[in-house]
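Visitor: Sending over a structure as structure tokens; questions will come in a sec.
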Amino acid sequence: MQKLHKLIDQIEGLTTLDDVCQKTAGWVMRATRCDTVKNALSGTWLGHALHPILTDLPIGAWAMASLVDVTAGKDGARAARGLVGAGLLAALPAAASGASDWSDTYGGSQRLGFVHAAGNGAATVVQAASWVARRRGRHCTGAALSGLGLGLTVGAAYLGGHLTLVQGIGVSHTAFQEPVTDWTDVAAATALSDDIPLRVTADGVPVVLVRHDGDLYALSATCTHAGGPLDEGEIVGDGCIRCPWHGSEFRLADGEATRGPASVDEPAWEVKVDDGRVYVRSATA
Ligand code: FES
């Protein structure tokens with residue numbers, strides 16, 4: 001394990017990748033500039049990141065193709081070829097959603113994500129070659145190529161897992177936030193100005209207060225996407241706050257994510273003013 005982590009550290013330190021990473025990320029950002037596209041690929045409409053769901057499909061199809069190769073041999077040639085083809089089709093949306101997520105990363109995570117994508121790209125090319133070989137009746141060559149492609153996919157998946165589970169890319173940054181059940185005094189009402197977010201703290205949890213159109217709102221101040229400070233964002237559209245880091249938008253009234261890359265809603269807080277002081281508590285309290 002130590003060796004694998006050392007290898008990952010080395011990949012993260014490959015600054016020679018920065019030029020190609022930044023150019024590629026720029027292309028992806030331009031391609032996903034439209035809100036509808038970004039929301040679709042991020043999983044904002046689903047309330048869950050889309051990429052990990054979509055990756056199950058090609059990985060599953062290709063794993064099953066190799067299993068059929070091993071257990072049924074030439075008798076399963078037709079089924080295995082169908083599975084390889086299905087995996088190729090499923091790889092396209094998986095790659096698109098992954099590219100969209102990756103374009104919002106930086107530094108070592110972006111380099112590691114690039115190598116993860118390159119590994120998956122190589123696996124897809126090898127699986128495509130396998131499909132062609134099978135189509136031409138060269139079953140053994142196709143099976144060998146599928147095995148190679150599956151190995152590349154597993155290696156790339158390891159890097160993807162590291163990005164998510166070790167580095168927290170794609171994990172909601174409010175996941176471990178405990179609800180604050182008691183009304184908590186956080187600010188003087190006079191500290192609030194219309195549409196100017198104010199950062200306060202309730203029992204150690206950062207909260208952003210916003211007075212908008214005469215109503216007072218409170219959301220957690222840590223953006224669920226990657227931890228950006230919502231109190232440094234701006235009020236936009238129909239009562240939403242936009243994160244300054246990657247432009248995710250959340251509805252002030254209930255924290256719903258209305259624009260990606262965030263896919264998880266922002267925790268909402270109840271808010272009241274009593275005797276000139278602002279009090280908040282978690283909306284789940
Ligand atoms: S941290 Fe990425 S949109 Fe907020």
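Simple scheme: letters A, B, ... for chains in structure tokens order, numbers from 1 for residues in each chain, numbers from 1 for ligands in the order shown.
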When you look at region 219-222 of chain A with a cut-off of 9 Å (counting only C-alpha atoms), what residues show up, excluding the ones that are within fewer than 6 positions of it in the same chain? I need them as a list in words.
Guide: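 Listed by chain and then number, they are His173, Thr174, Arg199, Val200, Val205, Pro206, Val207, Val208, Leu209, Val210, Gly228, Pro229, Leu230, Asp231, Leu252, Ala253, Asp254, Gly255, Glu266, Pro267, Ala268, Trp269, Glu270 and Ser282 of chain A.
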Visitor: What residues of the protein or nucleic acid chains come within 6 Å of ligand 1 when you use only C-alpha atoms and all ligand atoms? Reply as a list in words.
Guide: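 Counting only C-alpha atoms and all ligand atoms, the residues within 6 Å of ligand 1 come out as Cys223, His225, Ala226, Gly227, Gly228, Cys243, Trp245, His246, Gly247, Ser248, Pro261 and Ala262 of chain A.
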Visitor: Determine, counting only C-alpha atoms, which protein, DNA and RNA residues have an atom within 8 Å of an atom of region 99-115 of chain A; residues of the same chain fewer than 2 positions away are not included. Present the result as a compact mmCIF listing (two decimals) with C-alpha atoms, in the first residue's frame.
Guide:
# COMPACT_ATOMS: atom_id res chain seq x y z
CA ILE A 8 0.04 8.62 -6.22
CA ILE A 11 1.60 11.66 -9.94
CA GLU A 12 0.22 14.55 -7.88
CA GLY A 13 3.63 16.23 -8.05
CA LEU A 14 3.90 16.00 -11.86
CA THR A 15 3.79 19.73 -12.57
CA LEU A 17 1.07 17.98 -16.62
CA ASP A 18 -0.18 21.42 -15.61
CA CYS A 21 -4.44 19.94 -17.62
CA ALA A 25 -9.96 22.01 -18.22
CA GLY A 26 -10.53 25.26 -20.14
CA VAL A 28 -14.29 21.35 -20.72
CA MET A 29 -15.41 24.51 -18.91
CA THR A 32 -20.19 22.92 -19.96
CA LYS A 38 -23.50 21.61 -16.18
CA LEU A 41 -23.47 16.32 -15.88
CA SER A 42 -22.96 17.28 -12.22
CA HIS A 51 -20.22 10.33 -12.34
CA ALA A 95 -16.49 10.27 -19.35
CA ALA A 96 -18.52 13.45 -19.95
CA SER A 97 -19.68 13.66 -16.33
CA ALA A 117 -9.03 9.93 -17.17
CA ALA A 118 -6.08 8.93 -19.37
CA GLY A 119 -6.19 5.42 -17.90
CA ALA A 156 -7.88 3.99 -13.17
CA LEU A 159 -7.04 6.55 -8.68
CA GLY A 160 -10.68 7.70 -8.87
CA LEU A 163 -9.60 11.21 -5.32
CA GLN A 167 -8.96 13.59 -0.96
CA GLY A 170 -17.00 15.06 -4.81
CA HIS A 246 -17.12 27.45 -9.03
CA PRO A 261 -21.31 21.81 -10.01
Visitor: Within 10 Å of Ala191 (chain A), counting only C-alpha atoms, which residues show up once you throw out same-chain ones fewer than 6 positions away? Write them as an NGL selection string, please.
Guide: :A and (198 or 277-278)
Visitor: Which of these, A:Asp9, A:Glu249, A:Asp203, A:Asp215, has the shortest distance to Val264 (chain A) once you count only C-alpha atoms?
Guide: A:Glu249
Visitor: Name all residues at most 6 Å from Gly149 (chain A) (count only C-alpha atoms; drop same-chain ones fewer than 2 positions away) and give them as an mmCIF file with C-alpha atoms, in the first residue's frame.
Guide:
data_model
loop_
_atom_site.group_PDB
_atom_site.id
_atom_site.type_symbol
_atom_site.label_atom_id
_atom_site.label_comp_id
_atom_site.auth_asym_id
_atom_site.auth_seq_id
_atom_site.Cartn_x
_atom_site.Cartn_y
_atom_site.Cartn_z
ATOM 1 C CA ALA A 123 -9.050 1.211 -21.417
ATOM 2 C CA VAL A 126 -8.472 -1.253 -25.884
ATOM 3 C CA GLN A 127 -12.097 -2.350 -25.393
ATOM 4 C CA SER A 146 -10.862 -7.184 -22.923
ATOM 5 C CA GLY A 147 -8.776 -8.591 -20.068
ATOM 6 C CA GLY A 151 -6.955 -4.240 -15.908
ATOM 7 C CA LEU A 152 -6.500 -0.624 -17.054
#
